[in-house]
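Data block below; observations after.
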Amino acid sequence: MEHDLSGLLTHEKVPKFSRTQIQCYMRQLLYGIAFMHGQKIMHRDIKASNLLLNNAGMLKIADFGLSRFWTEANARSGRYTNKVVTLWYRPPELLMGCTAYDYSIDMWSVGCIFAELLLGKAPLQGRNELEQVCIQFDMNLLSFYPKFHYFWPFGCRCCPIDRSIVFILTFACKKWPVSH
């Protein structure tokens, strides 16, 4: 029988995963992602509820409804939509409006899954896109993200951002109410 990872993480009777289990599941997920990307497929909705585990500990990637074949022409021209990937697993460039992207959007989601396995819950739980960006900003995640300098602070060719908007967003995302 298969269970989705989200259900297992939130069920109070299921114990937290051990370090060995997390390593095993992450290895399987990364192999699956590598295979997909090798076939030029972007999943575009990697999240805990789209990962299925059977009783033998085998992980399967499910729900390919938002997946697309990647082509360099489509990526360069911005023919993809940024309204993909469930909010809590959505990478910064999609939150900022980029429509020219590649397989790396799946990898941000994989990082979120890894954190979720370690913590037992999704670490970035914004209620809307702005709050999601603020959470990423507050946790200083963007400075470690390889594409950080590509789209932040002044945007990129696929999602230009006005400097005044960046200032307002930076100011609004400050942790301390005094700063607001």
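Following the order of the structure tokens, chains are lettered A, B, ..., residues in each are numbered from 1, and ligands are numbered from 1.
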
Original post:
Counting only C-alpha atoms, what is within 6 Å of Met42 (chain A), bar same-chain residues fewer than 6 positions away, as a PyMOL selection string?
Top reply: chain A and resi 67-68+103

Dump of N, CA and C atoms for the selected residues, as an mmCIF file, in the first residue's frame:
data_model
loop_
_atom_site.group_PDB
_atom_site.id
_atom_site.type_symbol
_atom_site.label_atom_id
_atom_site.label_comp_id
_atom_site.auth_asym_id
_atom_site.auth_seq_id
_atom_site.Cartn_x
_atom_site.Cartn_y
_atom_site.Cartn_z
ATOM 1 N N SER A 67 3.684 18.935 -15.237
ATOM 2 C CA SER A 67 5.004 18.734 -15.837
ATOM 3 C C SER A 67 5.012 19.173 -17.303
ATOM 4 N N ARG A 68 6.197 19.553 -17.766
ATOM 5 C CA ARG A 68 6.386 19.985 -19.147
ATOM 6 C C ARG A 68 7.746 19.499 -19.627
ATOM 7 N N TYR A 103 15.086 23.337 -15.078
ATOM 8 C CA TYR A 103 14.882 22.261 -14.114
ATOM 9 C C TYR A 103 15.139 22.668 -12.671
#

Subject >> Distance criterion (only C-alpha atoms): nearest to Gly65 (chain A) out of A:Asn50, A:Gln23, A:Ser77, A:Gln132 >> reply: A:Asn50

Original post:
Could you pull out all residues of region 24-73 of chain A with a DSSP call of helix (DSSP H, G or I) and give them as a ChimeraX atom specification?
Top reply: /A:24-38,48-50,72-73

Go ahead and write the residues just picked, N, CA and C atoms, as an mmCIF file, in the first residue's frame.
data_model
loop_
_atom_site.group_PDB
_atom_site.id
_atom_site.type_symbol
_atom_site.label_atom_id
_atom_site.label_comp_id
_atom_site.auth_asym_id
_atom_site.auth_seq_id
_atom_site.Cartn_x
_atom_site.Cartn_y
_atom_site.Cartn_z
ATOM 1 N N CYS A 24 17.724 7.664 2.804
ATOM 2 C CA CYS A 24 17.196 6.723 1.817
ATOM 3 C C CYS A 24 16.153 7.390 0.923
ATOM 4 N N TYR A 25 15.215 8.114 1.521
ATOM 5 C CA TYR A 25 14.161 8.772 0.751
ATOM 6 C C TYR A 25 14.727 9.887 -0.126
ATOM 7 N N MET A 26 15.673 10.644 0.405
ATOM 8 C CA MET A 26 16.274 11.724 -0.384
ATOM 9 C C MET A 26 17.074 11.152 -1.556
ATOM 10 N N ARG A 27 17.778 10.059 -1.332
ATOM 11 C CA ARG A 27 18.533 9.427 -2.419
ATOM 12 C C ARG A 27 17.575 8.998 -3.532
ATOM 13 N N GLN A 28 16.475 8.356 -3.152
ATOM 14 C CA GLN A 28 15.499 7.916 -4.149
ATOM 15 C C GLN A 28 14.888 9.104 -4.885
ATOM 16 N N LEU A 29 14.560 10.156 -4.136
ATOM 17 C CA LEU A 29 13.977 11.350 -4.756
ATOM 18 C C LEU A 29 14.961 11.967 -5.746
ATOM 19 N N LEU A 30 16.214 12.093 -5.347
ATOM 20 C CA LEU A 30 17.218 12.693 -6.232
ATOM 21 C C LEU A 30 17.472 11.834 -7.467
ATOM 22 N N TYR A 31 17.467 10.507 -7.321
ATOM 23 C CA TYR A 31 17.600 9.637 -8.488
ATOM 24 C C TYR A 31 16.409 9.821 -9.428
ATOM 25 N N GLY A 32 15.221 9.890 -8.867
ATOM 26 C CA GLY A 32 14.023 10.091 -9.685
ATOM 27 C C GLY A 32 14.039 11.429 -10.407
ATOM 28 N N ILE A 33 14.432 12.470 -9.699
ATOM 29 C CA ILE A 33 14.520 13.809 -10.307
ATOM 30 C C ILE A 33 15.576 13.805 -11.411
ATOM 31 N N ALA A 34 16.737 13.183 -11.149
ATOM 32 C CA ALA A 34 17.803 13.120 -12.156
ATOM 33 C C ALA A 34 17.319 12.386 -13.409
ATOM 34 N N PHE A 35 16.561 11.310 -13.221
ATOM 35 C CA PHE A 35 16.027 10.578 -14.372
ATOM 36 C C PHE A 35 15.067 11.460 -15.168
ATOM 37 N N MET A 36 14.137 12.116 -14.471
ATOM 38 C CA MET A 36 13.183 13.010 -15.147
ATOM 39 C C MET A 36 13.909 14.094 -15.927
ATOM 40 N N HIS A 37 14.840 14.759 -15.268
ATOM 41 C CA HIS A 37 15.562 15.853 -15.907
ATOM 42 C C HIS A 37 16.400 15.342 -17.077
ATOM 43 N N GLY A 38 16.910 14.115 -16.973
ATOM 44 C CA GLY A 38 17.637 13.504 -18.086
ATOM 45 C C GLY A 38 16.745 13.278 -19.298
ATOM 46 N N ALA A 48 5.443 17.245 -0.786
ATOM 47 C CA ALA A 48 5.311 16.025 0.013
ATOM 48 C C ALA A 48 4.104 15.185 -0.394
ATOM 49 N N SER A 49 2.999 15.819 -0.731
ATOM 50 C CA SER A 49 1.808 15.039 -1.085
ATOM 51 C C SER A 49 1.914 14.408 -2.474
ATOM 52 N N ASN A 50 2.927 14.775 -3.256
ATOM 53 C CA ASN A 50 3.157 14.147 -4.559
ATOM 54 C C ASN A 50 4.283 13.113 -4.513
ATOM 55 N N GLU A 72 15.180 24.612 -24.653
ATOM 56 C CA GLU A 72 15.932 25.849 -24.455
ATOM 57 C C GLU A 72 15.178 27.041 -25.040
ATOM 58 N N ALA A 73 14.530 26.832 -26.176
ATOM 59 C CA ALA A 73 13.786 27.922 -26.817
ATOM 60 C C ALA A 73 12.650 28.415 -25.919
#

Original post:
Pick the closest to Thr71 (chain A) from A:Glu129, A:Val85, A:Ile41, A:Pro92: which is it, counting only C-alpha atoms?
Top reply: A:Ile41

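Omitting Phe114 (chain A) and its sequence neighbours fewer than 5 positions away, and counting only C-alpha atoms, the residues within 9 Å are Ile22, Met26, Ser109 and Leu119 of chain A.
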
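Of the listed residues (A:Gln21, A:Asp4, A:Thr99, A:Leu118), A:Asp4 comes nearest to Asp63 (chain A); the distances count only C-alpha atoms.
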
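When the distance limit is 9 Å and only C-alpha atoms are what count, the residues near Phe64 (chain A), minus those fewer than 6 positions from it on the same chain, are His43, Arg44, Asp45 and Asn50 of chain A.
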
Quick one: everything within 12 Å of Glu12 (chain A), counting only C-alpha atoms, minus sequence neighbours fewer than 6 positions away in the same chain. Send it as a PDB file with C-alpha atoms, in the first residue's frame.
ATOM      1  CA  SER A   6       2.622  14.608   3.593  1.00  0.00           C
ATOM      2  CA  GLY A 120       8.478  17.014  10.416  1.00  0.00           C
ATOM      3  CA  LYS A 121       6.596  19.908   8.779  1.00  0.00           C
TER       4      LYS A 121
END
